[in-house]
file work_0.txt (compact mmCIF, C-alpha atoms)
# COMPACT_ATOMS: atom_id res chain seq x y z
CA MET A 6 -27.95 27.06 55.89
CA GLN A 7 -30.60 28.95 54.01
CA SER A 8 -30.99 28.14 50.35
CA SER A 9 -31.29 30.95 47.81
CA GLY A 10 -34.01 29.20 45.78
CA THR A 11 -36.10 31.60 43.74
CA ALA A 12 -36.37 34.38 46.34
CA GLU A 13 -35.49 37.89 45.25
CA PRO A 14 -32.17 39.39 46.38
CA ILE A 15 -32.33 41.56 49.48
CA VAL A 16 -29.91 44.34 50.49
CA ARG A 17 -30.12 45.56 54.06
CA ILE A 18 -27.94 48.54 54.94
CA ARG A 19 -26.72 48.45 58.52
CA GLU A 20 -24.56 51.60 58.49
CA LEU A 21 -23.96 54.32 55.90
CA LYS A 22 -21.33 57.06 56.10
CA LYS A 23 -19.70 59.38 53.60
CA ASN A 24 -16.82 57.05 52.80
CA SER A 25 -18.06 53.69 54.15
CA VAL A 26 -21.11 51.48 54.02
CA ASN A 27 -21.97 48.26 55.86
CA PHE A 28 -24.72 46.08 54.40
CA VAL A 29 -26.04 42.51 54.23
CA LEU A 30 -26.68 40.83 50.88
CA GLN A 31 -29.14 37.92 50.93
CA ASN A 32 -30.67 35.37 48.54
CA VAL A 33 -27.80 35.41 46.05
CA ASP A 34 -25.17 32.87 45.11
CA LEU A 35 -21.64 32.93 46.45
CA SER A 36 -20.24 33.55 42.97
CA PHE A 37 -22.43 36.63 42.51
CA ALA A 38 -21.45 38.12 45.86
CA ASN A 39 -17.75 37.57 45.20
CA SER A 40 -18.05 39.03 41.69
CA PHE A 41 -19.76 42.08 43.15
CA ARG A 42 -16.87 42.51 45.57
CA ARG A 43 -14.25 42.24 42.83
CA VAL A 44 -16.09 44.68 40.55
CA MET A 45 -16.22 47.34 43.25
CA MET A 46 -12.50 46.95 43.85
CA ALA A 47 -11.14 46.78 40.30
CA ASP A 48 -13.71 47.77 37.64
CA ILE A 49 -14.87 51.27 38.62
CA PRO A 50 -12.96 54.08 36.85
CA THR A 51 -11.30 56.88 38.80
CA VAL A 52 -8.70 59.60 38.16
CA ALA A 53 -5.10 59.30 39.36
CA ILE A 54 -1.73 60.86 38.52
CA ASP A 55 -0.19 58.77 35.76
CA MET A 56 2.78 60.85 34.59
CA VAL A 57 5.16 63.06 36.58
CA GLU A 58 7.67 65.49 35.08
CA ILE A 59 10.18 66.52 37.73
CA GLU A 60 11.90 69.84 36.99
CA ILE A 61 13.67 70.40 40.32
CA ASN A 62 14.28 67.87 43.08
CA THR A 63 16.87 68.63 45.74
CA THR A 64 15.14 66.61 48.45
CA VAL A 65 16.59 63.48 50.00
CA LEU A 66 14.15 61.27 48.11
CA PRO A 67 14.83 60.05 44.54
CA ASP A 68 12.58 60.97 41.63
CA GLU A 69 10.99 57.51 41.37
CA PHE A 70 10.03 57.54 45.04
CA ILE A 71 8.29 60.91 44.77
CA ALA A 72 6.55 59.94 41.53
CA HIS A 73 5.15 56.80 43.14
CA ARG A 74 3.84 58.72 46.15
CA LEU A 75 2.19 61.28 43.87
CA GLY A 76 0.48 58.52 41.92
CA MET A 77 -1.06 57.04 45.05
CA ILE A 78 -2.72 60.31 46.13
CA PRO A 79 -6.52 59.92 45.63
CA LEU A 80 -8.16 62.57 43.47
CA VAL A 81 -11.83 63.56 43.43
CA SER A 82 -13.44 61.42 40.69
CA SER A 83 -17.18 61.97 41.03
CA ALA A 84 -19.03 61.14 37.79
CA CYS A 85 -15.74 60.04 36.28
CA ASP A 86 -17.38 57.64 33.84
CA GLU A 87 -19.12 60.55 32.07
CA ALA A 88 -16.88 63.50 32.92
CA MET A 89 -13.64 62.18 31.43
CA ARG A 90 -12.45 60.00 28.57
CA TYR A 91 -9.93 57.22 28.51
CA THR A 92 -6.73 58.24 26.77
CA ARG A 93 -7.06 55.27 24.42
CA ASP A 94 -10.57 56.41 23.38
CA CYS A 95 -9.84 60.10 22.94
CA THR A 96 -9.45 61.68 19.51
CA CYS A 97 -6.39 63.74 20.44
CA ASP A 98 -2.85 62.78 19.47
CA VAL A 99 -1.23 62.98 22.91
CA ARG A 100 -3.57 64.45 25.54
CA CYS A 101 -6.23 67.11 25.88
CA GLN A 102 -8.54 68.56 28.53
CA TYR A 103 -11.04 65.76 27.93
CA CYS A 104 -8.67 62.89 28.78
CA ALA A 105 -6.12 64.50 31.12
CA ILE A 106 -5.86 66.86 34.09
CA GLU A 107 -2.73 68.86 34.77
CA LEU A 108 -1.49 69.55 38.30
CA HIS A 109 1.52 71.59 39.46
CA LEU A 110 3.51 71.52 42.70
CA HIS A 111 6.31 73.91 43.63
CA ALA A 112 7.64 74.17 47.19
CA SER A 113 10.92 75.32 48.70
CA CYS A 114 12.20 75.91 52.21
CA GLY A 115 14.17 79.06 53.05
CA GLU A 116 14.05 79.05 56.84
CA ALA A 117 16.90 77.68 58.86
CA GLY A 118 16.18 75.15 61.56
CA ARG A 119 12.76 74.32 60.16
CA THR A 120 11.49 71.10 58.61
CA MET A 121 8.85 71.80 55.98
CA ASP A 122 6.18 69.25 55.02
CA ILE A 123 5.18 68.93 51.37
CA THR A 124 1.62 67.59 51.31
CA SER A 125 -1.13 66.91 48.82
CA ASN A 126 -2.72 70.29 49.61
CA MET A 127 0.10 71.94 47.66
CA LEU A 128 -1.00 70.32 44.40
CA GLU A 129 -2.76 72.89 42.22
CA VAL A 130 -5.04 71.94 39.31
CA VAL A 131 -4.43 74.00 36.17
CA PRO A 132 -7.74 75.62 35.15
CA VAL A 133 -9.28 75.01 31.75
CA ASN A 134 -10.22 77.77 29.31
CA LYS A 135 -12.16 77.63 26.06
CA ASN A 136 -9.13 76.66 24.00
CA GLY A 137 -7.85 74.00 26.39
CA TYR A 138 -5.41 74.28 29.25
CA GLU A 139 -3.58 77.50 29.85
CA SER A 140 -0.27 75.66 29.78
CA SER A 141 1.27 74.28 26.61
CA GLY A 142 1.05 70.67 25.52
CA PHE A 143 -2.74 70.36 25.32
CA GLU A 144 -4.80 70.44 22.17
CA VAL A 145 -7.85 72.54 21.33
CA ASP A 146 -11.20 71.08 22.35
CA ASP A 147 -13.45 69.23 19.91
CA GLY A 148 -16.83 70.22 21.30
CA GLY A 149 -17.23 67.46 23.91
CA GLU A 150 -19.59 67.68 26.87
CA GLU A 151 -17.31 66.08 29.47
CA LEU A 152 -16.23 69.39 31.01
CA ALA A 153 -19.81 70.40 31.78
CA LYS A 154 -20.38 67.20 33.79
CA ARG A 155 -17.41 67.71 36.13
CA PRO A 156 -17.91 69.09 39.64
CA ASP A 157 -15.93 72.12 40.71
CA ASN A 158 -13.35 70.09 42.65
CA PHE A 159 -12.93 67.38 40.01
CA GLY A 160 -9.33 66.19 39.92
CA HIS A 161 -8.33 67.93 43.16
CA PRO A 162 -6.62 65.93 45.91
CA VAL A 163 -9.11 64.44 48.34
CA GLY A 164 -9.49 66.58 51.46
CA LYS A 165 -7.88 69.68 50.01
CA ASP A 166 -8.92 72.85 51.89
CA ASP A 167 -10.91 70.72 54.32
CA PRO A 168 -9.75 71.29 57.91
CA ASP A 169 -11.34 68.04 59.06
CA VAL A 170 -9.30 65.90 56.65
CA PRO A 171 -5.53 65.74 57.21
CA PRO A 172 -3.45 66.08 54.03
CA ILE A 173 -1.25 63.31 52.64
CA LEU A 174 2.47 63.75 53.28
CA ILE A 175 4.66 63.56 50.18
CA CYS A 176 8.09 64.40 51.61
CA LYS A 177 9.94 66.70 54.03
CA ILE A 178 12.54 69.32 53.14
CA ARG A 179 14.99 71.56 54.97
CA LYS A 180 16.56 74.93 54.18
CA GLY A 181 17.87 75.16 50.63
CA GLN A 182 15.85 72.21 49.31
CA GLU A 183 13.22 72.54 46.61
CA LEU A 184 10.69 70.41 44.72
CA LYS A 185 8.99 71.42 41.47
CA VAL A 186 6.94 68.91 39.51
CA ARG A 187 4.28 68.79 36.78
CA CYS A 188 1.73 65.99 36.96
CA ILE A 189 -0.73 64.59 34.41
CA ALA A 190 -3.74 62.72 35.82
CA LYS A 191 -5.68 60.26 33.66
CA LYS A 192 -8.68 57.99 33.91
CA GLY A 193 -8.09 54.30 34.52
CA LEU A 194 -9.10 51.06 36.24
CA ALA A 195 -7.58 49.24 39.18
CA LYS A 196 -7.02 46.22 36.92
CA GLU A 197 -4.23 48.29 35.36
CA HIS A 198 -2.83 49.74 38.61
CA ALA A 199 -4.01 49.83 42.22
CA LYS A 200 -3.86 53.65 42.29
CA TRP A 201 -7.14 53.71 40.33
CA SER A 202 -9.05 51.67 42.90
CA PRO A 203 -11.75 53.67 44.72
CA CYS A 204 -11.73 51.26 47.68
CA ALA A 205 -9.27 51.51 50.53
CA ALA A 206 -10.61 48.41 52.32
CA MET A 207 -13.22 45.76 51.60
CA SER A 208 -14.52 43.19 54.09
CA PHE A 209 -16.45 40.14 52.96
CA GLU A 210 -17.74 37.37 55.22
CA TYR A 211 -20.30 34.58 55.16
CA ASP A 212 -21.09 31.63 57.42
CA PRO A 213 -19.51 33.08 60.60
CA TYR A 214 -20.01 29.77 62.47
CA ASN A 215 -18.33 27.78 59.67
CA LYS A 216 -21.30 25.47 59.28
CA LEU A 217 -20.33 24.75 55.68
CA ARG A 218 -16.78 23.85 56.74
CA HIS A 219 -15.24 26.00 54.04
CA THR A 220 -12.48 26.90 56.48
CA SER A 221 -10.20 24.61 58.47
CA TYR A 222 -9.17 26.20 61.76
CA TRP A 223 -5.72 25.57 63.14
CA TYR A 224 -5.92 25.23 66.88
CA GLU A 225 -4.04 23.64 69.78
CA TYR A 226 -6.79 22.61 72.19
CA ASP A 227 -10.20 24.13 71.42
CA ALA A 228 -11.11 25.84 68.12
CA ARG A 229 -14.07 27.72 69.54
CA ALA A 230 -12.02 29.22 72.33
CA GLU A 231 -9.04 30.10 70.14
CA TRP A 232 -11.08 31.51 67.22
CA PRO A 233 -13.49 34.22 68.48
CA LEU A 234 -16.63 34.94 66.50
CA SER A 235 -17.18 38.17 64.60
CA GLU A 236 -20.02 40.62 65.11
CA ASN A 237 -21.81 39.07 62.14
CA ALA A 238 -22.41 35.90 64.15
CA LYS A 239 -25.22 37.72 65.92
CA GLU A 240 -27.18 37.63 62.66
CA GLU A 241 -27.36 33.80 62.58
CA GLU A 242 -28.21 30.96 64.91
CA PRO A 243 -25.37 28.92 66.40
CA PRO A 244 -24.96 25.38 65.07
CA ARG A 245 -26.18 22.31 66.96
CA ASP A 246 -23.83 19.43 67.54
CA ASP A 247 -26.58 16.79 67.37
CA LEU A 248 -27.52 17.65 63.77
CA PRO A 249 -25.82 15.84 60.87
CA PHE A 250 -23.73 17.76 58.37
CA ASP A 251 -25.70 19.04 55.37
CA TYR A 252 -23.65 18.48 52.23
CA ASN A 253 -26.14 20.32 50.02
CA ALA A 254 -26.27 23.54 52.04
CA LYS A 255 -25.18 26.75 50.35
CA ALA A 256 -24.36 30.17 51.66
CA SER A 257 -27.02 32.79 50.93
CA LYS A 258 -26.23 35.58 53.40
CA PHE A 259 -23.15 37.76 52.93
CA TYR A 260 -21.85 40.54 55.15
CA MET A 261 -19.99 43.26 53.28
CA GLU A 262 -18.38 46.54 54.27
CA VAL A 263 -16.92 48.99 51.74
CA GLU A 264 -14.53 51.76 52.71
CA THR A 265 -13.39 54.20 50.00
CA ASP A 266 -10.34 56.43 49.78
CA GLY A 267 -12.50 59.52 49.21
CA SER A 268 -12.21 59.68 45.43
CA LEU A 269 -15.78 58.34 45.23
CA GLY A 270 -18.47 58.13 47.86
CA ALA A 271 -19.44 54.76 49.31
CA GLN A 272 -22.95 54.98 47.86
CA GLU A 273 -21.59 55.79 44.40
CA VAL A 274 -19.18 52.84 44.54
CA VAL A 275 -21.99 50.39 45.33
CA HIS A 276 -24.30 51.77 42.63
CA LYS A 277 -21.63 51.82 39.95
CA GLY A 278 -20.48 48.37 40.99
CA LEU A 279 -23.96 46.97 40.38
CA GLN A 280 -24.21 48.77 37.04
CA GLU A 281 -20.83 47.44 35.91
CA LEU A 282 -21.69 43.89 36.95
CA GLN A 283 -25.01 44.12 35.12
CA THR A 284 -23.22 45.34 31.99
CA LYS A 285 -20.73 42.49 32.13
CA LEU A 286 -23.48 39.89 32.48
CA ALA A 287 -25.46 41.45 29.63
CA ASN A 288 -22.41 41.33 27.34
CA LEU A 289 -21.84 37.71 28.31
CA ILE A 290 -25.42 36.75 27.50
CA LEU A 291 -25.23 38.64 24.20
CA GLY A 292 -22.02 36.86 23.27
CA LEU A 293 -23.55 33.44 23.93
CA LYS A 294 -26.48 34.02 21.59
CA PRO A 295 -26.06 32.42 18.15
CA GLU A 296 -25.57 34.84 15.31
CA PRO A 297 -28.20 34.88 12.53
CA PRO A 298 -27.05 33.30 9.24
CA GLU A 299 -25.74 35.74 6.71
CA THR A 300 -27.59 36.08 3.40
CA ASP A 301 -25.56 35.05 0.35
CA ALA A 302 -26.10 37.32 -2.63
CA PHE A 303 -25.23 34.49 -5.04
CA GLN A 304 -28.00 32.31 -3.64
CA THR A 305 -30.82 34.85 -3.67
CA ALA A 306 -33.00 35.74 -6.65
CA GLY A 307 -32.03 38.96 -8.35
CA GLY A 308 -28.47 38.85 -6.98
CA ALA A 309 -25.51 40.93 -8.02
CA LEU A 310 -24.73 38.75 -11.05
CA GLY A 311 -28.13 38.80 -12.66
CA GLY A 312 -30.14 36.22 -10.73
CA PRO A 313 -29.63 32.58 -9.82
CA GLN A 314 -26.74 30.68 -11.38
CA THR A 315 -26.36 26.97 -12.03
CA ASN A 316 -23.41 24.69 -12.63
CA GLY A 317 -24.91 23.12 -15.78
CA PRO A 318 -26.05 24.68 -19.03
CA GLU A 319 -28.04 27.84 -18.55
CA PRO A 320 -31.34 27.68 -20.44
CA SER A 321 -31.85 31.42 -20.33
CA GLY A 322 -29.27 32.18 -23.01
CA ALA A 323 -26.55 33.98 -21.00
CA GLY A 324 -24.58 31.00 -19.71
CA TRP A 325 -21.21 29.68 -20.62
CA GLY A 326 -21.48 27.36 -23.62
CA GLY A 327 -25.26 27.69 -23.77
CA PRO A 328 -27.46 28.45 -26.76
CA PRO A 329 -27.34 31.85 -28.39
CA ALA A 330 -28.00 34.67 -25.99
CA SER A 331 -29.53 38.04 -26.56
CA ALA A 332 -28.23 39.67 -23.34
CA GLY A 333 -25.66 39.04 -20.64
CA TRP A 334 -21.92 38.67 -20.89
CA SER A 335 -22.05 37.75 -24.62
CA PRO A 336 -24.89 39.83 -26.07
CA THR A 337 -25.74 40.13 -29.70
CA SER A 338 -23.85 42.99 -31.19
CA THR A 339 -23.14 43.92 -34.77
CA ARG A 340 -20.60 46.62 -34.00
CA GLY A 341 -19.01 45.66 -30.66
CA THR A 342 -21.00 47.68 -28.15
CA GLY A 343 -19.03 46.58 -25.10
CA ALA A 344 -19.68 42.82 -24.73
CA TRP A 345 -16.77 40.49 -24.16
CA SER A 346 -17.35 38.50 -27.37
CA PRO A 347 -19.50 40.67 -29.65
CA THR A 348 -20.04 39.99 -33.31
CA ARG A 349 -17.70 42.29 -35.11
CA THR A 350 -19.30 42.05 -38.60
CA ALA A 351 -22.72 41.33 -39.87
CA GLY A 352 -23.89 39.02 -42.64
CA SER A 353 -23.09 35.53 -41.45
CA GLY A 354 -25.26 32.71 -42.75
CA SER A 355 -26.45 31.43 -39.43
CA GLY A 356 -26.49 34.84 -37.74
CA GLY A 357 -25.66 33.50 -34.29
CA PRO A 358 -24.83 35.96 -31.55
CA GLY A 359 -21.43 35.95 -29.81
CA GLY A 360 -21.64 33.71 -26.74
CA TRP A 361 -18.64 31.84 -25.34
CA GLY A 362 -18.47 28.49 -27.08
CA SER A 363 -21.73 29.06 -28.95
CA PRO A 364 -22.16 26.59 -31.84
CA VAL A 365 -22.63 29.38 -34.32
CA THR A 366 -20.95 32.72 -33.76
CA THR A 367 -19.84 35.54 -35.96
CA GLY A 368 -16.99 36.98 -33.93
CA GLY A 369 -16.27 34.77 -30.95
CA TRP A 370 -13.24 32.72 -30.14
CA GLY A 371 -12.99 29.89 -32.63
CA ALA A 372 -15.90 31.26 -34.68
CA SER A 373 -16.28 31.71 -38.41
CA THR A 374 -15.31 34.87 -40.18
CA ALA A 375 -17.64 37.36 -41.67
CA GLY A 376 -19.19 36.44 -45.02
CA SER A 377 -19.39 32.64 -44.63
CA ASN A 378 -22.68 30.99 -45.71
CA ALA A 379 -22.79 28.28 -43.04
CA GLY A 380 -20.07 29.31 -40.64
CA GLY A 381 -17.86 26.39 -41.73
CA ALA A 382 -14.34 27.55 -42.38
CA GLY A 383 -13.36 30.73 -40.65
CA GLY A 384 -10.45 33.02 -40.83
CA SER A 385 -9.98 34.33 -37.23
CA GLY A 386 -10.35 31.38 -34.86
CA TRP A 387 -7.64 29.77 -32.78
CA GLY A 388 -6.45 26.63 -34.51
CA SER A 389 -9.32 26.60 -36.99
CA PRO A 390 -8.70 24.46 -40.11
CA GLY A 391 -8.75 27.35 -42.50
CA ALA A 392 -7.19 29.97 -40.30
CA ALA A 393 -5.22 32.56 -42.13
CA ALA A 394 -3.60 34.05 -39.08
CA GLY A 395 -3.56 32.11 -35.83
CA TRP A 396 -1.44 30.19 -33.40
CA GLY A 397 -0.24 26.97 -34.95
CA SER A 398 -2.09 27.43 -38.22
CA PRO A 399 -1.13 24.80 -40.87
CA THR A 400 -0.25 27.41 -43.48
CA GLN A 401 2.18 29.68 -41.77
CA GLN A 402 1.57 33.31 -42.56
CA GLN A 403 3.51 36.39 -41.76
CA ASN A 404 1.00 37.51 -39.17
CA GLY A 405 1.21 34.31 -37.15
CA TRP A 406 3.55 33.54 -34.28
CA ASN A 407 5.10 30.52 -36.03
CA VAL A 408 6.35 32.18 -39.17
CA GLY A 409 9.39 30.34 -40.60

call {"tool": "encode", "arguments": {"input": "work_0.txt", "output": "structure tokens"}}
result
Amino acid sequence: MQSSGTAEPIVRIRELKKNSVNFVLQNVDLSFANSFRRVMMADIPTVAIDMVEIEINTTVLPDEFIAHRLGMIPLVSSACDEAMRYTRDCTCDVRCQYCAIELHLHASCGEAGRTMDITSNMLEVVPVNKNGYESSGFEVDDGGEELAKRPDNFGHPVGKDDPDVPPILICKIRKGQELKVRCIAKKGLAKEHAKWSPCAAMSFEYDPYNKLRHTSYWYEYDARAEWPLSENAKEEEPPRDDLPFDYNAKASKFYMEVETDGSLGAQEVVHKGLQELQTKLANLILGLKPEPPETDAFQTAGGALGGPQTNGPEPSGAGWGGPPASAGWSPTSTRGTGAWSPTRTAGSGSGGPGGWGSPVTTGGWGASTAGSNAGGAGGSGWGSPGAAAGWGSPTQQQNGWNVG
């Protein structure tokens, strides 16, 4: 088998139609080719009927049966990724013209001896005006540009008014039977429900001669006679029996055919599939990159708390238990200008400012009172020897908490 190596990927289109494309993908890994297949099937958004309100149903089919058949009808979804919002991403409370499309169906049979077919061509899309949908239940627009990007037949059943495309049968009714429903179509992915898948069929094949022995054929007499080769075998050389088995060989040529249900064209499905796969890989690479370290404001100079801080004594004069400070949390104040421990009176002998635990203070906790010559015996500290009013003072006063 051919090895991918460092050669560039090659896409060779063998057949292209409106709703199908047949191509060969070369020089890629098996995992990439299979991921591409899965993305085209399940990760491309389309529009489909998500809610059905049945007003009248006198047919032989139950409501759930009709609702399921309506949900599986493909709707035109060209440019759906830009022309419509997801309901979970919309700013409306319930639904609006940017995240929902309203369709009506009303059919009844009044002729005797006739069986009437109710098809997808009877679904009518409610037009949109400047203030939203003409029917009730939709909110006023918010100035979005999604409506301008929609084609004229956006949200219509596939093949409607096209004589070359047969309509999809919903049910059959006889005389006296009637069906009246209101449908709400929304944008979604096939990972949530298969009705949002743009692909009706997807073929994927590699190694048509089974040289890699990835498949074990069940046979009675001769595997080659009982298992016919596909048309893709013409693209490769048949194996030789005299060559040994190559355990290191890898598949590098993949034959793919995409057939859509008409909601999107085959070319659009392939292009959007590649874009979605590229986006997923880019998000994966971005998520694997290490995040830059965050800057800590407490560790940078000029931080939120006035510059660098240390665990020990602060020599600058604004620390806890440091020497007298002239600014900071315990600034010098003679009249209490807003600091936490300002000096309340002036005239102390040592004249120390009011820091927390400063050796000489005039109004701090455990400091001397105003008018002392050396700040020895105070009158307002907690548990000070000469306290006149404090907690647990030796001479109990009437202002203390331990008055007898």

call {"tool": "closest_residue", "arguments": {"input": "work_0.txt", "among": "A:Ile61, A:Ser25, A:Asp169, A:Phe41", "to": "Leu286 (chain A)", "atoms": "all atoms listed in the file"}}
result
A:Phe41

call {"tool": "residues_near_point", "arguments": {"input": "work_0.txt", "point": "(-13.4, 66.4, 31.9)", "cutoff": "7 Å", "atoms": "all atoms listed in the file", "output": "PyMOL selection string"}}
result
chain A and resi 88-89+102-104+151-152+155

call {"tool": "closest_residue", "arguments": {"input": "work_0.txt", "among": "A:Pro172, A:Gly160, A:Pro249, A:Gly193", "to": "Val131 (chain A)", "atoms": "all atoms listed in the file"}}
result
A:Gly160

call {"tool": "closest_residue", "arguments": {"input": "work_0.txt", "among": "A:Arg119, A:Lys192, A:Lys185, A:Arg19", "to": "Ala105 (chain A)", "atoms": "all atoms listed in the file"}}
result
A:Lys192

call {"tool": "closest_residue", "arguments": {"input": "work_0.txt", "among": "A:Asp247, A:Asn253, A:Tyr214, A:Ser208", "to": "Val26 (chain A)", "atoms": "only C-alpha atoms"}}
result
A:Ser208

call {"tool": "atom_distance", "arguments": {"input": "work_0.txt", "atom1": "CA of Leu234 (chain A)", "atom2": "CA of Ser36 (chain A)"}}
result
23.8 Å

call {"tool": "closest_residue", "arguments": {"input": "work_0.txt", "among": "A:Pro243, A:Val186, A:Leu21, A:Ala254", "to": "Val57 (chain A)", "atoms": "all atoms listed in the file"}}
result
A:Val186

call {"tool": "closest_residue", "arguments": {"input": "work_0.txt", "among": "A:Leu217, A:Leu291, A:Ala205, A:Ile189", "to": "Tyr252 (chain A)", "atoms": "only C-alpha atoms"}}
result
A:Leu217

call {"tool": "atom_distance", "arguments": {"input": "work_0.txt", "atom1": "CA of Pro203 (chain A)", "atom2": "CA of Asp266 (chain A)"}}
result
5.9 Å

call {"tool": "residues_around", "arguments": {"input": "work_0.txt", "residues": "Pro244 (chain A)", "least_positions_apart": "2", "cutoff": "10 Å", "atoms": "only C-alpha atoms", "output": "list in words"}}
result
Met6, Tyr214, Asn215, Lys216, Glu241, Glu242, Asp246, Asp247 and Leu248 of chain A

call {"tool": "residues_around", "arguments": {"input": "work_0.txt", "residues": "Pro213 (chain A)", "least_positions_apart": "6", "cutoff": "12 Å", "atoms": "only C-alpha atoms", "output": "ChimeraX atom specification"}}
result
/A:6,219-220,229,232-244,256,258-260
